[in-house]
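Engineer: Input file: final21.cif. Contents: mmCIF, C-alpha atoms and all ligand atoms.
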data_final
#
loop_
_atom_site.label_atom_id
_atom_site.label_comp_id
_atom_site.auth_asym_id
_atom_site.auth_seq_id
_atom_site.Cartn_x
_atom_site.Cartn_y
_atom_site.Cartn_z
CA MET A 1 -16.92 -10.03 -8.34
CA ILE A 2 -16.84 -10.58 -4.59
CA PRO A 3 -17.58 -7.61 -2.31
CA ILE A 4 -14.33 -6.06 -1.13
CA ASP A 5 -15.35 -6.57 2.50
CA ASP A 6 -15.38 -10.34 1.87
CA SER A 7 -11.81 -10.31 0.57
CA PRO A 8 -9.16 -11.91 2.79
CA ILE A 9 -7.18 -8.65 2.62
CA VAL A 10 -9.93 -6.93 4.64
CA ARG A 11 -10.47 -7.41 8.36
CA ASP A 12 -13.57 -5.78 9.86
CA GLY A 13 -13.71 -3.40 6.91
CA LYS A 14 -10.09 -2.34 7.46
CA VAL A 15 -6.84 -3.03 5.68
CA LEU A 16 -3.22 -3.17 6.82
CA ILE A 17 -0.89 -3.93 3.95
CA LEU A 18 2.75 -4.57 4.75
CA ALA A 19 4.70 -3.46 1.67
CA MET A 20 8.12 -4.75 0.75
CA ASP A 21 8.83 -3.73 -2.82
CA HIS A 22 11.43 -1.17 -1.84
CA GLY A 23 14.37 -3.18 -3.18
CA LEU A 24 12.97 -2.44 -6.63
CA GLU A 25 11.43 0.99 -6.06
CA HIS A 26 14.26 2.55 -4.05
CA GLY A 27 17.07 0.01 -4.25
CA PRO A 28 19.03 -1.64 -1.42
CA VAL A 29 19.54 1.77 0.24
CA ASP A 30 16.36 1.24 2.33
CA PHE A 31 18.02 -1.79 3.96
CA GLU A 32 21.31 -0.11 4.86
CA ASN A 33 20.44 0.24 8.54
CA VAL A 34 18.60 -3.07 8.70
CA PRO A 35 20.68 -5.45 6.56
CA ALA A 36 18.96 -8.53 7.99
CA LYS A 37 15.75 -7.34 6.30
CA LEU A 38 17.31 -7.87 2.89
CA ASP A 39 16.11 -11.44 3.45
CA PRO A 40 12.41 -11.29 2.49
CA SER A 41 11.63 -14.16 4.87
CA THR A 42 12.19 -11.82 7.79
CA VAL A 43 9.44 -9.49 6.56
CA PHE A 44 7.09 -12.35 5.65
CA GLU A 45 7.58 -13.49 9.25
CA THR A 46 6.48 -10.02 10.42
CA ALA A 47 3.46 -10.23 8.11
CA THR A 48 2.15 -13.25 10.04
CA HIS A 49 1.03 -10.75 12.74
CA ASP A 50 -2.79 -10.72 13.02
CA ALA A 51 -2.90 -6.99 12.30
CA VAL A 52 -1.48 -7.48 8.80
CA THR A 53 -4.12 -8.32 6.20
CA ALA A 54 -1.76 -8.71 3.22
CA MET A 55 1.86 -8.47 2.22
CA ALA A 56 2.65 -6.54 -0.96
CA VAL A 57 5.61 -7.80 -2.98
CA GLN A 58 6.83 -8.06 -6.53
CA LYS A 59 6.67 -11.28 -8.54
CA GLY A 60 10.21 -12.48 -7.89
CA ILE A 61 9.85 -12.22 -4.12
CA ALA A 62 6.45 -13.93 -4.28
CA GLU A 63 7.79 -16.82 -6.34
CA GLY A 64 10.76 -17.35 -4.07
CA TYR A 65 9.32 -16.83 -0.62
CA TYR A 66 5.53 -16.91 -0.58
CA PRO A 67 5.22 -20.73 -0.79
CA SER A 68 6.55 -20.99 2.78
CA TYR A 69 4.01 -18.47 4.08
CA GLU A 70 0.87 -19.10 2.05
CA ASP A 71 -0.99 -20.56 5.05
CA ASP A 72 -0.28 -17.54 7.24
CA VAL A 73 -0.04 -14.50 4.98
CA ASN A 74 -2.32 -13.07 2.28
CA LEU A 75 -0.49 -12.11 -0.88
CA LEU A 76 -0.96 -8.77 -2.63
CA LEU A 77 0.98 -9.06 -5.83
CA LYS A 78 2.32 -5.83 -7.24
CA ILE A 79 1.76 -6.04 -10.98
CA ASN A 80 3.95 -3.10 -11.99
CA GLY A 81 7.04 -1.52 -10.54
CA THR A 82 9.96 0.70 -11.36
CA SER A 83 13.51 1.26 -10.19
CA ASN A 84 15.30 4.40 -9.09
CA LEU A 85 18.05 3.79 -11.62
CA TRP A 86 16.61 5.77 -14.50
CA MET A 87 15.45 9.35 -14.89
CA GLY A 88 12.39 10.44 -16.75
CA GLU A 89 8.71 11.12 -16.39
CA PRO A 90 7.23 8.73 -13.80
CA ASP A 91 6.32 5.37 -15.27
CA SER A 92 6.18 1.79 -14.02
CA ALA A 93 6.71 -1.39 -16.01
CA VAL A 94 4.01 -4.06 -15.98
CA ASN A 95 6.07 -7.07 -14.99
CA CYS A 96 3.49 -9.72 -14.12
CA SER A 97 0.23 -10.88 -15.68
CA VAL A 98 -2.92 -11.22 -13.62
CA ASP A 99 -3.22 -14.88 -14.66
CA TYR A 100 0.24 -15.55 -13.29
CA ALA A 101 -0.48 -13.62 -10.11
CA ALA A 102 -3.54 -15.81 -9.57
CA GLU A 103 -1.51 -18.93 -10.30
CA ILE A 104 1.05 -18.14 -7.61
CA GLY A 105 -1.65 -17.52 -5.04
CA ALA A 106 -2.39 -13.80 -5.03
CA ASP A 107 -5.35 -12.63 -2.93
CA ALA A 108 -5.22 -9.13 -4.42
CA LEU A 109 -3.41 -7.06 -7.02
CA GLY A 110 -1.43 -3.87 -6.62
CA PHE A 111 -0.89 -1.33 -9.37
CA THR A 112 0.75 2.09 -9.41
CA VAL A 113 -0.80 4.90 -11.44
CA TYR A 114 1.14 8.15 -11.69
CA GLY A 115 -1.70 10.51 -12.54
CA GLY A 116 -0.29 13.71 -14.01
CA SER A 117 2.75 12.02 -15.51
CA ASN A 118 3.27 12.30 -19.24
CA ASN A 119 2.79 8.52 -19.13
CA GLU A 120 -0.64 8.71 -17.48
CA ILE A 121 -2.58 7.63 -20.57
CA GLU A 122 -0.62 4.38 -21.01
CA MET A 123 -0.63 3.66 -17.28
CA VAL A 124 -4.41 4.04 -17.08
CA GLU A 125 -4.84 1.76 -20.09
CA GLU A 126 -2.64 -0.83 -18.39
CA PHE A 127 -4.64 -0.42 -15.20
CA ARG A 128 -7.84 -1.14 -17.16
CA ASP A 129 -6.48 -4.52 -18.26
CA VAL A 130 -5.36 -5.42 -14.75
CA GLN A 131 -8.57 -4.29 -13.04
CA GLU A 132 -10.80 -6.18 -15.50
CA ALA A 133 -8.68 -9.35 -15.36
CA GLY A 134 -8.77 -9.03 -11.58
CA ARG A 135 -12.57 -9.05 -11.68
CA GLU A 136 -12.49 -12.33 -13.63
CA HIS A 137 -10.31 -13.91 -10.95
CA ASP A 138 -12.20 -12.32 -8.01
CA LEU A 139 -9.06 -10.40 -7.09
CA PRO A 140 -9.49 -6.85 -5.81
CA THR A 141 -7.14 -4.16 -7.05
CA VAL A 142 -5.29 -1.76 -4.80
CA MET A 143 -4.15 1.35 -6.66
CA TRP A 144 -0.97 3.07 -5.52
CA SER A 145 -2.49 6.39 -6.61
CA TYR A 146 0.52 8.69 -6.77
CA PRO A 147 0.07 11.81 -8.86
CA ARG A 148 3.51 13.01 -9.85
CA GLY A 149 5.42 14.27 -12.84
CA GLN A 150 6.88 17.44 -14.24
CA GLY A 151 3.57 19.29 -13.97
CA LEU A 152 3.16 18.49 -10.26
CA LYS A 153 5.59 20.18 -7.95
CA ASN A 154 3.98 19.06 -4.69
CA ASP A 155 2.67 15.52 -4.67
CA THR A 156 1.12 15.68 -1.20
CA LYS A 157 -0.92 18.87 -1.34
CA PRO A 158 -4.57 18.38 -0.36
CA SER A 159 -6.05 19.00 -3.80
CA THR A 160 -3.63 16.49 -5.34
CA ILE A 161 -4.46 13.77 -2.83
CA SER A 162 -8.21 14.35 -3.27
CA TYR A 163 -7.70 14.02 -7.01
CA ALA A 164 -5.72 10.82 -6.39
CA THR A 165 -8.57 9.17 -4.46
CA ARG A 166 -11.20 10.33 -6.93
CA LEU A 167 -9.17 9.09 -9.88
CA ALA A 168 -8.92 5.66 -8.23
CA LEU A 169 -12.68 5.54 -7.65
CA GLU A 170 -13.47 6.54 -11.22
CA LEU A 171 -11.08 3.93 -12.64
CA GLY A 172 -12.52 1.07 -10.58
CA ALA A 173 -9.94 0.47 -7.86
CA ASP A 174 -11.16 -1.31 -4.73
CA VAL A 175 -8.67 0.44 -2.47
CA ALA A 176 -6.63 3.60 -3.07
CA LYS A 177 -3.31 4.00 -1.34
CA VAL A 178 -2.36 7.65 -1.10
CA LYS A 179 0.18 9.83 0.67
CA TYR A 180 -0.87 11.76 3.76
CA PRO A 181 -2.00 15.25 2.67
CA GLY A 182 -0.76 16.90 5.86
CA SER A 183 -3.90 17.19 7.98
CA LYS A 184 -6.93 15.24 9.18
CA GLU A 185 -9.24 17.68 7.38
CA ALA A 186 -7.47 17.24 4.06
CA MET A 187 -7.56 13.48 4.47
CA ALA A 188 -11.29 13.62 5.28
CA HIS A 189 -11.89 15.50 2.03
CA ALA A 190 -9.85 12.94 0.10
CA VAL A 191 -11.95 10.18 1.70
CA ASP A 192 -15.17 12.01 0.74
CA CYS A 193 -13.93 12.24 -2.84
CA ALA A 194 -13.53 8.46 -2.90
CA GLY A 195 -17.21 7.65 -2.34
CA ASP A 196 -17.44 4.21 -0.74
CA MET A 197 -14.08 3.03 -2.07
CA LYS A 198 -11.57 2.36 0.68
CA VAL A 199 -8.72 4.82 1.15
CA VAL A 200 -5.54 3.83 2.97
CA MET A 201 -2.50 5.90 3.85
CA SER A 202 0.94 5.20 2.47
CA GLY A 203 3.46 4.87 5.28
CA GLY A 204 6.43 6.99 4.17
CA SER A 205 9.91 7.18 5.65
CA LYS A 206 10.47 6.07 9.22
CA THR A 207 9.38 8.37 12.05
CA SER A 208 9.00 7.87 15.82
CA ASP A 209 6.39 5.44 17.16
CA TYR A 210 4.32 8.29 18.52
CA GLU A 211 4.51 10.48 15.44
CA PHE A 212 3.58 7.61 13.17
CA LEU A 213 0.72 6.32 15.33
CA SER A 214 -0.67 9.86 15.76
CA THR A 215 -0.80 10.25 12.00
CA VAL A 216 -2.51 6.88 11.67
CA GLU A 217 -5.01 7.95 14.35
CA ALA A 218 -5.77 11.15 12.40
CA VAL A 219 -6.17 9.20 9.19
CA MET A 220 -8.58 6.73 10.78
CA ASP A 221 -10.55 9.62 12.34
CA ALA A 222 -10.76 11.09 8.84
CA GLY A 223 -12.58 7.99 7.63
CA ALA A 224 -9.70 6.13 5.98
CA LYS A 225 -9.71 2.35 6.29
CA GLY A 226 -6.13 1.66 7.20
CA LEU A 227 -2.62 1.66 6.00
CA ALA A 228 -0.15 0.34 3.47
CA VAL A 229 3.19 0.59 5.20
CA GLY A 230 6.72 -0.61 4.68
CA ARG A 231 9.65 1.20 6.21
CA ASN A 232 7.79 2.39 9.32
CA VAL A 233 7.31 -1.26 10.25
CA TRP A 234 10.18 -3.36 8.98
CA GLN A 235 12.94 -0.76 9.52
CA ARG A 236 12.14 -0.92 13.25
CA GLU A 237 14.08 -3.10 15.61
CA ASP A 238 10.83 -4.48 17.00
CA PRO A 239 8.16 -4.40 14.27
CA THR A 240 5.83 -6.51 16.41
CA HIS A 241 5.61 -3.83 19.08
CA LEU A 242 4.45 -1.26 16.50
CA LEU A 243 2.05 -3.73 14.88
CA ASP A 244 0.51 -4.43 18.30
CA ALA A 245 -0.15 -0.69 18.64
CA LEU A 246 -1.35 -0.32 15.04
CA GLU A 247 -3.81 -3.14 15.64
CA LYS A 248 -5.35 -1.12 18.46
CA VAL A 249 -5.52 2.14 16.52
CA ILE A 250 -6.80 0.65 13.26
CA TYR A 251 -9.18 -2.10 14.39
CA GLU A 252 -10.11 -1.05 17.91
CA GLY A 253 -10.27 2.73 17.43
CA GLU A 254 -7.80 3.47 20.23
CA THR A 255 -5.78 6.67 20.37
CA ALA A 256 -2.04 6.63 19.73
CA ASP A 257 -1.46 7.46 23.41
CA ALA A 258 -3.60 4.60 24.65
CA ALA A 259 -2.15 2.13 22.18
CA LEU A 260 1.41 2.96 23.26
CA ASP A 261 0.61 2.95 26.98
CA GLU A 262 -0.47 -0.67 27.06
P1 LIG B 301 6.61 3.00 2.75
O1 LIG B 301 5.59 2.84 3.82
O2 LIG B 301 7.94 2.51 3.16
O3 LIG B 301 6.63 4.42 2.22
O4 LIG B 301 6.17 2.03 1.57
C1 LIG B 301 5.02 2.26 0.81
C2 LIG B 301 5.40 2.34 -0.65
O5 LIG B 301 4.32 2.66 -1.47
C3 LIG B 301 6.06 1.09 -1.18
O6 LIG B 301 5.14 0.17 -1.66
C4 LIG B 301 6.96 1.64 -2.24
O7 LIG B 301 8.12 0.91 -2.40
C5 LIG B 301 7.30 2.99 -1.75
O8 LIG B 301 6.34 3.39 -0.82
C6 LIG B 301 7.34 3.96 -2.88
O9 LIG B 301 7.45 5.24 -2.37
P2 LIG B 301 7.90 6.47 -3.25
O10 LIG B 301 7.54 6.17 -4.67
O11 LIG B 301 7.18 7.62 -2.69
O12 LIG B 301 9.35 6.57 -3.04
#
Give the structure from this file in structure tokens form.
Structural biologist:
Amino acid sequence: MIPIDDSPIVRDGKVLILAMDHGLEHGPVDFENVPAKLDPSTVFETATHDAVTAMAVQKGIAEGYYPSYEDDVNLLLKINGTSNLWMGEPDSAVNCSVDYAAEIGADALGFTVYGGSNNEIEMVEEFRDVQEAGREHDLPTVMWSYPRGQGLKNDTKPSTISYATRLALELGADVAKVKYPGSKEAMAHAVDCAGDMKVVMSGGSKTSDYEFLSTVEAVMDAGAKGLAVGRNVWQREDPTHLLDALEKVIYEGETADAALDE
């Protein structure tokens, strides 16, 4: 097992994952205002920015598009995923094996666990298989740690997000991707609950440059190690401009104001 800080998905201890699995998770609706982005090549192109340490996609997108970018982009292969087409307790189908992920060039694995769902037991058992197979291939595992389900009415409240980071630590994730719990203090507690495992914030729906960068600044001040973001980058007309600013806030410790002023 290689130390997480030696993984290609980590730069100076930090992580910036560009996620593009929304076509499965949400459906084409996320591309309505940016139809050009339906072509995954456009987002792989964005992921060649130095600030991005990995691009997170599902198997089909990796098979079809990653070969053209393997020299310039690190691949985080999402091992499970679910669509918005069905109703029921949160669950996510395992749709790729770790062996196959390694074969197509993955540098890391991504796996969603819906703690609190009626399907939690099965999801955690599936995570065990993925995490242990990842160790054999020297592939770190990023957990999309998203407590949700009929017993959880608010999936971003501070105690839920702290539980999400702790759960990821206990189950052996290398990085936990969690929603923003609403304040720097709550995020700091969630980071404390994660021990020395890295915590990154999940981007969420698109907001203004300033609002988004200010939240990222707060998250970094709270001790988080970066971001896993999709819509807030690739739904923008100029994703490079935001990535330039994110690079300053995440790797250089600049404020949102300073990063946007330059
Ligand atoms: P965003 O930054 O666009 O929120 O993307 C992060 C992500 O985790 C994606 O990987 C995933 O498709 C999506 O959010 C799922 O979000 P949710 O389950 O909350 O709708």
Engineer: Mind checking which residues fall within 10 Å of A:Ser214, counting all atoms listed in the file, ignoring those fewer than 3 positions away in the same chain, and posting them as a PyMOL selection string?
Structural biologist: chain A and resi 208-211+217-220+249+255-257
Engineer: Hey, which residues come within 9 Å of ligand LIG 301 (chain B) if we count all atoms listed in the file? Could you give them as an MDAnalysis selection string?
Structural biologist: chainID A and resid 18:26 30 56:57 78 81:82 84 112 144 146 177:179 201:206 227:235
Engineer: Give the answer as one residue: which of A:Val124, A:Ile2, A:Leu139, A:Met55 has the shortest atom-to-atom distance to A:Val98, using all atoms listed in the file?
Structural biologist: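 Of A:Val124, A:Ile2, A:Leu139, A:Met55, the one nearest A:Val98, counting all atoms listed in the file, is A:Leu139.
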Engineer: Select, from A:Tyr66, A:Tyr163, A:Tyr251, A:Tyr100, the residue with the minimum atom-to-atom distance to A:Lys14, counting only C-alpha atoms.
Structural biologist: A:Tyr251
Engineer: Could you tell me how far atom CA of A:Ile161 sits from atom CA of A:Met87, in Å to one decimal place?
Structural biologist: 23.7 Å
Engineer: Reconstruct stretch 62-82 of chain A at the level of N, CA and C atoms, and format the result as a CSV table (one decimal), keeping the file's coordinate frame.
Structural biologist:
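Just written: result_5.csv:
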chain,number,residue,atom,x,y,z
A,62,ALA,N,7.6,-13.0,-4.5
A,62,ALA,CA,6.4,-13.9,-4.3
A,62,ALA,C,6.8,-15.4,-4.7
A,63,GLU,N,7.4,-15.5,-5.9
A,63,GLU,CA,7.8,-16.8,-6.3
A,63,GLU,C,8.7,-17.5,-5.4
A,64,GLY,N,9.7,-16.8,-4.9
A,64,GLY,CA,10.8,-17.4,-4.1
A,64,GLY,C,10.4,-17.6,-2.6
A,65,TYR,N,9.5,-16.8,-2.1
A,65,TYR,CA,9.3,-16.8,-0.6
A,65,TYR,C,7.9,-17.1,-0.2
A,66,TYR,N,6.9,-16.8,-1.0
A,66,TYR,CA,5.5,-16.9,-0.6
A,66,TYR,C,5.1,-18.4,-0.3
A,67,PRO,N,5.6,-19.3,-1.1
A,67,PRO,CA,5.2,-20.7,-0.8
A,67,PRO,C,5.4,-21.1,0.7
A,68,SER,N,6.4,-20.6,1.4
A,68,SER,CA,6.6,-21.0,2.8
A,68,SER,C,5.6,-20.3,3.7
A,69,TYR,N,4.9,-19.3,3.2
A,69,TYR,CA,4.0,-18.5,4.1
A,69,TYR,C,2.6,-18.5,3.6
A,70,GLU,N,2.2,-19.3,2.6
A,70,GLU,CA,0.9,-19.1,2.0
A,70,GLU,C,-0.3,-19.5,3.0
A,71,ASP,N,0.1,-20.2,4.1
A,71,ASP,CA,-1.0,-20.6,5.0
A,71,ASP,C,-1.2,-19.4,6.0
A,72,ASP,N,-0.2,-18.5,6.2
A,72,ASP,CA,-0.3,-17.5,7.2
A,72,ASP,C,-0.3,-16.1,6.8
A,73,VAL,N,-0.1,-15.9,5.5
A,73,VAL,CA,0.0,-14.5,5.0
A,73,VAL,C,-0.9,-14.4,3.7
A,74,ASN,N,-1.6,-13.3,3.5
A,74,ASN,CA,-2.3,-13.1,2.3
A,74,ASN,C,-1.4,-12.3,1.4
A,75,LEU,N,-1.4,-12.7,0.1
A,75,LEU,CA,-0.5,-12.1,-0.9
A,75,LEU,C,-1.2,-11.0,-1.7
A,76,LEU,N,-0.5,-9.9,-1.7
A,76,LEU,CA,-1.0,-8.8,-2.6
A,76,LEU,C,0.2,-8.7,-3.6
A,77,LEU,N,-0.1,-9.1,-4.8
A,77,LEU,CA,1.0,-9.1,-5.8
A,77,LEU,C,1.0,-7.7,-6.6
A,78,LYS,N,2.1,-7.1,-6.5
A,78,LYS,CA,2.3,-5.8,-7.2
A,78,LYS,C,2.6,-6.2,-8.7
A,79,ILE,N,1.7,-5.7,-9.6
A,79,ILE,CA,1.8,-6.0,-11.0
A,79,ILE,C,2.7,-5.2,-11.8
A,80,ASN,N,2.9,-3.9,-11.3
A,80,ASN,CA,4.0,-3.1,-12.0
A,80,ASN,C,4.9,-2.6,-10.9
A,81,GLY,N,6.0,-2.0,-11.4
A,81,GLY,CA,7.0,-1.5,-10.5
A,81,GLY,C,8.1,-0.8,-11.3
A,82,THR,N,8.9,0.0,-10.7
A,82,THR,CA,10.0,0.7,-11.4
A,82,THR,C,11.2,0.9,-10.4
